[in-house]
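What follows is one structure encoded as structure tokens, with my remarks underneath.
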Amino acid sequence: MLHENDRKILQEIQRDATLSLKELSERLAMSQSTVWRRIQDLEASGVITGRVTLVDPTHVGLTVCCLVQVNIVEHKANVRRAFERFVADADAVLQCFAITGGHDYTLIVRTRTVEEYENFLMNDLLAHPSVATTATHLALRQHKNTTILPC
């Protein structure tokens, strides 16, 4: 269980990771040393896994977003590992979820054009020996996108 102060710290740094220690401690009415120590503890315990800069995909030309459902050829561990390694190395794949239901995985894929997605689909994804079938859903519009978890 997280302490209430840890939750407050997480909420603030999820909204703006560029806050200085001074600004953060002022917002939370805590000493800088306490905030620093709590952040160090949250990192050491694996609650905080990294710090990143978020980039708007449309501003860098990645306007095509596809949700791709994938079925693999069989569910042996080596086949799953091979697929998961492929996905980890594929720059176009932003997220990969192992799922329940009628498919094995769902991927979030971003490309510049539909043709670029088609190339990825035909020459990379469907060509991979672990992939049996795919179903692609083209996102028309995104109504919500957040990385802020409700702590």
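In the structure tokens, chains take letters A, B, ... by order of appearance, with residues numbered from 1 within each chain and ligands from 1 in the order shown.
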Check the DSSP output for the backbone and give back, as a CSV table (one decimal) with C-alpha atoms, in the first residue's frame, the residues of segment 61-98 of chain A in strand (DSSP E).
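Saved result, part.csv, follows:
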```csv
chain,number,residue,atom,x,y,z
A,64,VAL,CA,-2.1,6.6,-38.7
A,65,CYS,CA,-3.1,4.6,-35.6
A,66,CYS,CA,-4.1,1.0,-35.9
A,67,LEU,CA,-5.3,-1.4,-33.2
A,68,VAL,CA,-4.2,-4.8,-34.5
A,69,GLN,CA,-5.5,-8.1,-33.1
A,70,VAL,CA,-3.1,-11.0,-33.6
A,71,ASN,CA,-3.5,-14.7,-33.4
A,72,ILE,CA,-0.3,-16.8,-33.1
A,93,VAL,CA,4.5,-1.1,-32.4
A,94,LEU,CA,3.9,1.2,-29.4
A,95,GLN,CA,2.1,-1.2,-27.1
A,96,CYS,CA,1.4,-4.9,-27.0
A,97,PHE,CA,-1.1,-6.6,-24.8
A,98,ALA,CA,-1.6,-10.4,-24.3
```
May I have a table of the residues of segment 2-115 of chain A lying at most 12 Å from segment 130-141 of chain A, giving each one's closest pair of atoms and their distance in Å to one decimal, counting only C-alpha atoms, ordered by chain and ascending residue number, as CSV?
```
residue,atom,partner,partner_atom,distance
A:Thr58,CA,A:Arg141,CA,11.5
A:Thr63,CA,A:Ala139,CA,9.8
A:Val64,CA,A:Ala139,CA,7.5
A:Cys65,CA,A:Ala139,CA,5.5
A:Cys66,CA,A:Leu138,CA,4.6
A:Leu67,CA,A:His137,CA,5.1
A:Val68,CA,A:Thr136,CA,4.5
A:Gln69,CA,A:Ala135,CA,5.1
A:Val70,CA,A:Thr134,CA,4.5
A:Asn71,CA,A:Thr133,CA,5.2
A:Ile72,CA,A:Val131,CA,4.4
A:Val73,CA,A:Ala132,CA,4.8
A:Glu74,CA,A:Ser130,CA,7.6
A:His75,CA,A:Ser130,CA,9.5
A:Lys76,CA,A:Ser130,CA,10.1
A:Ala77,CA,A:Ser130,CA,11.1
A:Asn78,CA,A:Ser130,CA,9.4
A:Val79,CA,A:Ser130,CA,5.8
A:Arg80,CA,A:Ser130,CA,7.6
A:Arg81,CA,A:Ser130,CA,9.4
A:Ala82,CA,A:Ser130,CA,7.0
A:Phe83,CA,A:Ser130,CA,5.9
A:Glu84,CA,A:Ser130,CA,9.7
A:Arg85,CA,A:Ser130,CA,10.8
A:Phe86,CA,A:Ser130,CA,9.4
A:Val87,CA,A:Ser130,CA,11.2
A:Gly102,CA,A:Ala135,CA,11.0
A:His103,CA,A:Thr134,CA,8.7
A:Asp104,CA,A:Thr134,CA,9.9
A:Tyr105,CA,A:Thr134,CA,9.4
A:Thr106,CA,A:Ala135,CA,9.4
A:Leu107,CA,A:Thr136,CA,9.3
A:Ile108,CA,A:His137,CA,9.8
A:Val109,CA,A:Leu138,CA,9.7
A:Arg110,CA,A:Ala139,CA,10.1
A:Thr111,CA,A:Leu138,CA,11.2
A:Thr113,CA,A:Leu138,CA,11.5
A:Val114,CA,A:Leu138,CA,9.3
```
Those same residues, written as a JSON list (two decimals), in the first residue's frame with C-alpha atoms?
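File selection-v3.json, as written:
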```
[["chain", "number", "residue", "atom", "x", "y", "z"],
["A", 58, "THR", "CA", 0.65, 13.78, -35.12],
["A", 63, "THR", "CA", -0.99, 10.19, -38.10],
["A", 64, "VAL", "CA", -2.13, 6.60, -38.70],
["A", 65, "CYS", "CA", -3.06, 4.65, -35.58],
["A", 66, "CYS", "CA", -4.10, 1.00, -35.85],
["A", 67, "LEU", "CA", -5.32, -1.42, -33.23],
["A", 68, "VAL", "CA", -4.20, -4.81, -34.48],
["A", 69, "GLN", "CA", -5.47, -8.08, -33.10],
["A", 70, "VAL", "CA", -3.10, -10.98, -33.60],
["A", 71, "ASN", "CA", -3.47, -14.74, -33.36],
["A", 72, "ILE", "CA", -0.30, -16.78, -33.13],
["A", 73, "VAL", "CA", 0.17, -20.19, -34.76],
["A", 74, "GLU", "CA", 0.37, -22.07, -31.46],
["A", 75, "HIS", "CA", 0.63, -21.27, -27.77],
["A", 76, "LYS", "CA", 3.94, -22.91, -26.96],
["A", 77, "ALA", "CA", 6.33, -20.80, -24.88],
["A", 78, "ASN", "CA", 8.95, -20.54, -27.64],
["A", 79, "VAL", "CA", 6.36, -19.24, -30.14],
["A", 80, "ARG", "CA", 5.07, -16.64, -27.67],
["A", 81, "ARG", "CA", 8.62, -15.54, -26.83],
["A", 82, "ALA", "CA", 9.53, -15.24, -30.53],
["A", 83, "PHE", "CA", 6.47, -13.08, -31.19],
["A", 84, "GLU", "CA", 7.08, -10.92, -28.12],
["A", 85, "ARG", "CA", 10.74, -10.39, -29.15],
["A", 86, "PHE", "CA", 9.60, -9.39, -32.64],
["A", 87, "VAL", "CA", 7.12, -6.88, -31.19],
["A", 102, "GLY", "CA", -10.91, -14.45, -29.59],
["A", 103, "HIS", "CA", -7.38, -13.15, -30.14],
["A", 104, "ASP", "CA", -4.01, -13.68, -28.49],
["A", 105, "TYR", "CA", -2.57, -10.14, -28.62],
["A", 106, "THR", "CA", -3.62, -6.57, -29.32],
["A", 107, "LEU", "CA", -1.05, -4.14, -30.70],
["A", 108, "ILE", "CA", -1.15, -0.36, -30.93],
["A", 109, "VAL", "CA", 0.71, 0.56, -34.12],
["A", 110, "ARG", "CA", 1.58, 4.07, -35.38],
["A", 111, "THR", "CA", 2.76, 4.90, -38.90],
["A", 113, "THR", "CA", 0.67, 6.60, -43.90],
["A", 114, "VAL", "CA", -1.72, 3.75, -44.56]]
```
Subject >> Residue set, chain A restricted to helix (DSSP H, G or I), as a VMD selection string >> reply: chain A and resid 4 to 15 21 to 28 32 to 44 57 to 60 77 to 89 114 to 125
Original post:
Got a sec: who's within 7 Å of Gln32 of chain A, counting only C-alpha atoms, leaving out chain neighbours fewer than 6 positions off, as a list of chain:residue names?
Top reply: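 Once the adjacent positions are removed, what remains is A:Leu21, A:Lys22, A:Ser25.
Closest to Glu12 of chain A among A:Ala88, A:Leu126, A:Ile39, A:Ala44 is A:Ile39, based on only C-alpha atoms.
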Within 12 Å of His3 of chain A, counting only C-alpha atoms, which residues show up once you throw out same-chain ones fewer than 2 positions away? Write them as a PDB file with C-alpha atoms, in the first residue's frame, please.
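Result file is result_10.pdb:
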```
ATOM      1  CA  MET A   1       0.000   0.000   0.000  1.00  0.00           C
ATOM      2  CA  ASN A   5       2.119  11.426   0.554  1.00  0.00           C
ATOM      3  CA  ASP A   6       3.501   8.962  -2.009  1.00  0.00           C
ATOM      4  CA  ARG A   7       0.193   9.132  -3.889  1.00  0.00           C
ATOM      5  CA  LYS A   8       0.356  12.931  -3.906  1.00  0.00           C
ATOM      6  CA  ILE A   9       3.919  12.863  -5.205  1.00  0.00           C
ATOM      7  CA  LEU A  10       2.967  10.405  -7.959  1.00  0.00           C
ATOM      8  CA  ARG A  38      10.195   9.313  -1.111  1.00  0.00           C
ATOM      9  CA  ASP A  41      12.109   4.895  -2.452  1.00  0.00           C
ATOM     10  CA  LEU A  42       9.397   4.800  -5.148  1.00  0.00           C
ATOM     11  CA  CYS A 151      -3.013   6.457  -7.662  1.00  0.00           C
TER      12      CYS A 151
END
```
**OP:** Find the distance between atom CA of Val60 of chain A and atom CA of His128 of chain A and write it in Å to one decimal.
**Re:**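 Atom-to-atom, atom CA of Val60 of chain A to atom CA of His128 of chain A, that is 27.8 Å.
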Subject >> Atomic separation - atom CA of Met30 of chain A relative to atom CA of Gly50 of chain A, Å >> reply: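 For atom CA of Gly50 of chain A relative to atom CA of Met30 of chain A, the distance reads 22.7 Å.
Each of A:Asn119, A:Ser33, A:Gln14, A:Thr100 was compared to Thr49 of chain A using only C-alpha atoms, and A:Gln14 turns out to be the nearest.
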